[in-house]
$ cat coords38.cif   # mmCIF, C-alpha atoms
data_my_file
loop_
_atom_site.group_PDB
_atom_site.id
_atom_site.type_symbol
_atom_site.label_atom_id
_atom_site.label_comp_id
_atom_site.auth_asym_id
_atom_site.auth_seq_id
_atom_site.Cartn_x
_atom_site.Cartn_y
_atom_site.Cartn_z
ATOM 1 C CA GLN A 1 109.721 -173.774 -9.616
ATOM 2 C CA MET A 2 112.916 -174.433 -11.499
ATOM 3 C CA GLN A 3 115.646 -171.792 -11.616
ATOM 4 C CA LEU A 4 118.491 -171.637 -14.108
ATOM 5 C CA VAL A 5 121.578 -169.469 -13.750
ATOM 6 C CA GLU A 6 124.109 -169.124 -16.551
ATOM 7 C CA SER A 7 127.742 -168.158 -16.048
ATOM 8 C CA GLY A 8 131.013 -168.204 -17.933
ATOM 9 C CA GLY A 9 130.351 -165.527 -20.493
ATOM 10 C CA GLY A 10 132.755 -162.720 -21.201
ATOM 11 C CA TRP A 11 135.069 -161.208 -23.749
ATOM 12 C CA VAL A 12 137.330 -163.309 -25.946
ATOM 13 C CA GLN A 13 139.368 -162.793 -29.091
ATOM 14 C CA THR A 14 138.571 -164.494 -32.367
ATOM 15 C CA GLY A 15 139.672 -168.108 -32.248
ATOM 16 C CA GLY A 16 139.371 -168.328 -28.494
ATOM 17 C CA SER A 17 137.260 -170.592 -26.341
ATOM 18 C CA LEU A 18 134.728 -170.239 -23.561
ATOM 19 C CA ARG A 19 132.774 -172.732 -21.502
ATOM 20 C CA LEU A 20 129.352 -171.645 -20.373
ATOM 21 C CA SER A 21 127.686 -173.232 -17.368
ATOM 22 C CA CYS A 22 124.043 -173.358 -16.399
ATOM 23 C CA ALA A 23 123.254 -174.325 -12.822
ATOM 24 C CA ALA A 24 119.765 -175.626 -12.114
ATOM 25 C CA SER A 25 117.784 -175.733 -8.904
ATOM 26 C CA GLY A 26 114.233 -176.471 -7.878
ATOM 27 C CA GLY A 27 113.598 -179.573 -9.930
ATOM 28 C CA THR A 28 114.745 -183.103 -10.688
ATOM 29 C CA PHE A 29 117.454 -182.044 -13.084
ATOM 30 C CA SER A 30 118.249 -185.464 -14.510
ATOM 31 C CA ASN A 31 114.626 -185.835 -15.699
ATOM 32 C CA TYR A 32 114.822 -182.871 -18.034
ATOM 33 C CA ALA A 33 116.280 -182.247 -21.446
ATOM 34 C CA MET A 34 118.257 -179.027 -21.575
ATOM 35 C CA GLY A 35 119.058 -176.653 -24.384
ATOM 36 C CA TRP A 36 121.268 -173.705 -25.218
ATOM 37 C CA PHE A 37 120.153 -170.731 -27.288
ATOM 38 C CA ARG A 38 121.555 -167.340 -28.178
ATOM 39 C CA GLN A 39 120.227 -164.000 -29.304
ATOM 40 C CA ALA A 40 122.265 -161.289 -30.966
ATOM 41 C CA PRO A 41 121.105 -157.659 -31.109
ATOM 42 C CA GLY A 42 118.411 -157.218 -33.734
ATOM 43 C CA LYS A 43 118.204 -160.940 -34.452
ATOM 44 C CA GLU A 44 115.842 -163.726 -33.508
ATOM 45 C CA ARG A 45 116.708 -166.231 -30.843
ATOM 46 C CA GLU A 46 118.733 -169.095 -32.285
ATOM 47 C CA PHE A 47 118.737 -172.704 -31.074
ATOM 48 C CA LEU A 48 122.251 -174.072 -30.562
ATOM 49 C CA ALA A 49 122.221 -177.445 -28.846
ATOM 50 C CA LYS A 50 120.186 -179.924 -26.823
ATOM 51 C CA ILE A 51 120.978 -182.778 -24.462
ATOM 52 C CA ASN A 52 118.635 -185.389 -23.005
ATOM 53 C CA GLY A 53 118.195 -185.966 -19.288
ATOM 54 C CA GLY A 54 120.690 -188.773 -19.037
ATOM 55 C CA GLY A 55 123.262 -186.978 -21.147
ATOM 56 C CA GLY A 56 123.618 -189.770 -23.658
ATOM 57 C CA THR A 57 121.951 -188.029 -26.570
ATOM 58 C CA THR A 58 122.938 -184.645 -27.902
ATOM 59 C CA TYR A 59 122.100 -182.537 -30.908
ATOM 60 C CA VAL A 60 124.030 -179.496 -32.096
ATOM 61 C CA ALA A 61 122.738 -177.079 -34.698
ATOM 62 C CA ALA A 62 124.530 -177.139 -38.020
ATOM 63 C CA SER A 63 125.492 -173.489 -37.660
ATOM 64 C CA VAL A 64 127.849 -174.282 -34.745
ATOM 65 C CA ARG A 65 128.487 -177.991 -35.168
ATOM 66 C CA GLY A 66 132.131 -178.885 -34.918
ATOM 67 C CA ARG A 67 132.836 -175.846 -32.736
ATOM 68 C CA PHE A 68 130.269 -176.109 -29.904
ATOM 69 C CA THR A 69 129.680 -179.092 -27.611
ATOM 70 C CA ILE A 70 126.927 -179.584 -25.042
ATOM 71 C CA SER A 71 127.352 -181.741 -21.950
ATOM 72 C CA ARG A 72 125.902 -182.108 -18.477
ATOM 73 C CA ASP A 73 126.833 -183.253 -14.998
ATOM 74 C CA ASN A 74 123.696 -184.434 -13.242
ATOM 75 C CA ALA A 75 125.531 -184.771 -9.940
ATOM 76 C CA LYS A 76 126.138 -181.018 -10.095
ATOM 77 C CA ASN A 77 122.782 -180.120 -11.691
ATOM 78 C CA THR A 78 124.711 -178.298 -14.378
ATOM 79 C CA VAL A 79 124.715 -178.204 -18.161
ATOM 80 C CA TYR A 80 127.640 -176.860 -20.149
ATOM 81 C CA LEU A 81 128.299 -175.368 -23.556
ATOM 82 C CA GLN A 82 131.907 -175.611 -24.693
ATOM 83 C CA MET A 83 132.571 -173.082 -27.427
ATOM 84 C CA ASN A 84 135.756 -173.264 -29.482
ATOM 85 C CA SER A 85 137.112 -171.340 -32.471
ATOM 86 C CA LEU A 86 134.889 -168.412 -31.605
ATOM 87 C CA LYS A 87 134.064 -165.830 -34.248
ATOM 88 C CA PRO A 88 132.768 -162.243 -33.986
ATOM 89 C CA GLU A 89 129.394 -163.476 -35.253
ATOM 90 C CA ASP A 90 129.116 -165.617 -32.117
ATOM 91 C CA THR A 91 128.658 -162.424 -30.108
ATOM 92 C CA ALA A 92 125.280 -162.685 -28.373
ATOM 93 C CA VAL A 93 123.500 -163.285 -25.109
ATOM 94 C CA TYR A 94 123.494 -167.011 -24.420
ATOM 95 C CA TYR A 95 120.625 -168.705 -22.606
ATOM 96 C CA CYS A 96 120.023 -172.149 -21.212
ATOM 97 C CA ALA A 97 116.542 -173.595 -20.986
ATOM 98 C CA ALA A 98 114.802 -176.691 -19.665
ATOM 99 C CA GLN A 99 112.086 -178.933 -21.055
ATOM 100 C CA THR A 100 110.141 -180.096 -18.012
ATOM 101 C CA LYS A 101 106.648 -180.852 -19.322
ATOM 102 C CA GLY A 102 106.822 -181.413 -23.061
ATOM 103 C CA PRO A 103 108.498 -180.269 -26.259
ATOM 104 C CA SER A 104 108.529 -176.609 -25.279
ATOM 105 C CA TYR A 105 111.302 -175.059 -23.220
ATOM 106 C CA ASP A 106 109.418 -173.784 -20.193
ATOM 107 C CA TYR A 107 112.187 -172.533 -17.925
ATOM 108 C CA TRP A 108 114.877 -170.071 -18.981
ATOM 109 C CA GLY A 109 117.934 -168.521 -17.417
ATOM 110 C CA GLN A 110 118.668 -164.828 -17.404
ATOM 111 C CA GLY A 111 121.407 -165.126 -20.026
ATOM 112 C CA THR A 112 125.126 -164.477 -20.138
ATOM 113 C CA GLN A 113 126.846 -162.133 -22.584
ATOM 114 C CA VAL A 114 129.529 -163.450 -24.902
ATOM 115 C CA THR A 115 131.546 -160.931 -26.904
ATOM 116 C CA VAL A 116 134.065 -162.040 -29.511
ATOM 117 C CA SER A 117 136.382 -159.378 -30.838
ATOM 118 C CA SER A 118 138.228 -159.485 -34.141
#
$ encode --input "coords38.cif" --output "structure tokens"
Amino acid sequence: QMQLVESGGGWVQTGGSLRLSCAASGGTFSNYAMGWFRQAPGKEREFLAKINGGGGTTYVAASVRGRFTISRDNAKNTVYLQMNSLKPEDTAVYYCAAQTKGPSYDYWGQGTQVTVSS
């Protein structure tokens, strides 16, 4: 059973930066693609970024491209989301997730709150 724990969220002013971390346990981390998502109050969950198991291939959604970067350290079983030039509309709960068996994300963290004030 894989477990994911996000950290690094918090409060930041517009234009600031945060780096989110997602620590994984209970699986062979380097075998799995990982993704980051977010959900703001009253809105649907939004896909942000994905990285393959080896870390050599990434994809970032157009809505945050140029500001957000995904990376991973397989030695630490951790995936990161670097967020720069943050805006109030980035305020949401941010989740990491793992693809262990197919195209669906089947393991999710509990989320970390990010609040960007104007």
$ resolve_selection --input "coords38.cif" --expression "the PyMOL selection byres ((chain A and resi 91) around 10)" --output "JSON, numbers by chain"
{"A": [10, 11, 12, 38, 39, 40, 41, 86, 87, 88, 89, 90, 92, 93, 94, 113, 114, 115, 116, 117]}
$ closest_residue --input "coords38.cif" --among "A:Trp108, A:Glu46, A:Gly35, A:Asn77" --to "Tyr59 of chain A" --atoms "only C-alpha atoms"
A:Gly35
$ closest_residue --input "coords38.cif" --among "A:Ser85, A:Asp73, A:Cys96, A:Val60" --to "Ser30 of chain A" --atoms "only C-alpha atoms"
A:Asp73
$ atom_distance --input "coords38.cif" --atom1 "atom CA of Gly66 of chain A" --atom2 "atom CA of Gly9 of chain A"
19.7 Å
$ resolve_selection --input "coords38.cif" --expression "the PyMOL selection byres ((chain A and resi 54) around 10)" --output "PyMOL selection string"
chain A and resi 29-33+51-53+55-57+72-74
$ atom_distance --input "coords38.cif" --atom1 "atom CA of Ser21 of chain A" --atom2 "atom CA of Pro103 of chain A"
22.3 Å
$ closest_residue --input "coords38.cif" --among "A:Gln1, A:Ser71, A:Ser118, A:Ser104" --to "Cys22 of chain A" --atoms "only C-alpha atoms"
A:Ser71
$ resolve_selection --input "coords38.cif" --expression "the PyMOL selection byres ((chain A and resi 97) around 10)" --output "list in words"
Gln3, Leu4, Val5, Glu6, Cys22, Ala24, Tyr32, Ala33, Met34, Gly35, Trp36, Phe37, Lys50, Val79, Tyr95, Cys96, Ala98, Gln99, Thr100, Ser104, Tyr105, Asp106, Tyr107, Trp108, Gly109, Gln110 and Gly111 of chain A
$ closest_residue --input "coords38.cif" --among "A:Leu20, A:Arg45, A:Lys101, A:Met2" --to "Phe68 of chain A" --atoms "only C-alpha atoms"
A:Leu20
$ residues_around --input "coords38.cif" --residues "Val64 of chain A" --least-positions-apart "6" --cutoff "9 Å" --atoms "only C-alpha atoms" --output "compact mmCIF listing (two decimals) with C-alpha atoms, in the coordinates of the input"
# COMPACT_ATOMS: atom_id res chain seq x y z
CA LEU A 48 122.25 -174.07 -30.56
CA ALA A 49 122.22 -177.44 -28.85
CA MET A 83 132.57 -173.08 -27.43
$ atom_distance --input "coords38.cif" --atom1 "atom CA of Ile70 of chain A" --atom2 "atom CA of Arg19 of chain A"
9.7 Å
$ axis_aligned_box --input "coords38.cif" --around "segment 70-77 of chain A" --padding-each-side "5 Å" --output "lines of an AutoDock Vina configuration file"
center_x = 125.1
center_y = -182.2
center_z = -17.5
size_x = 14.6
size_y = 15.2
size_z = 25.1
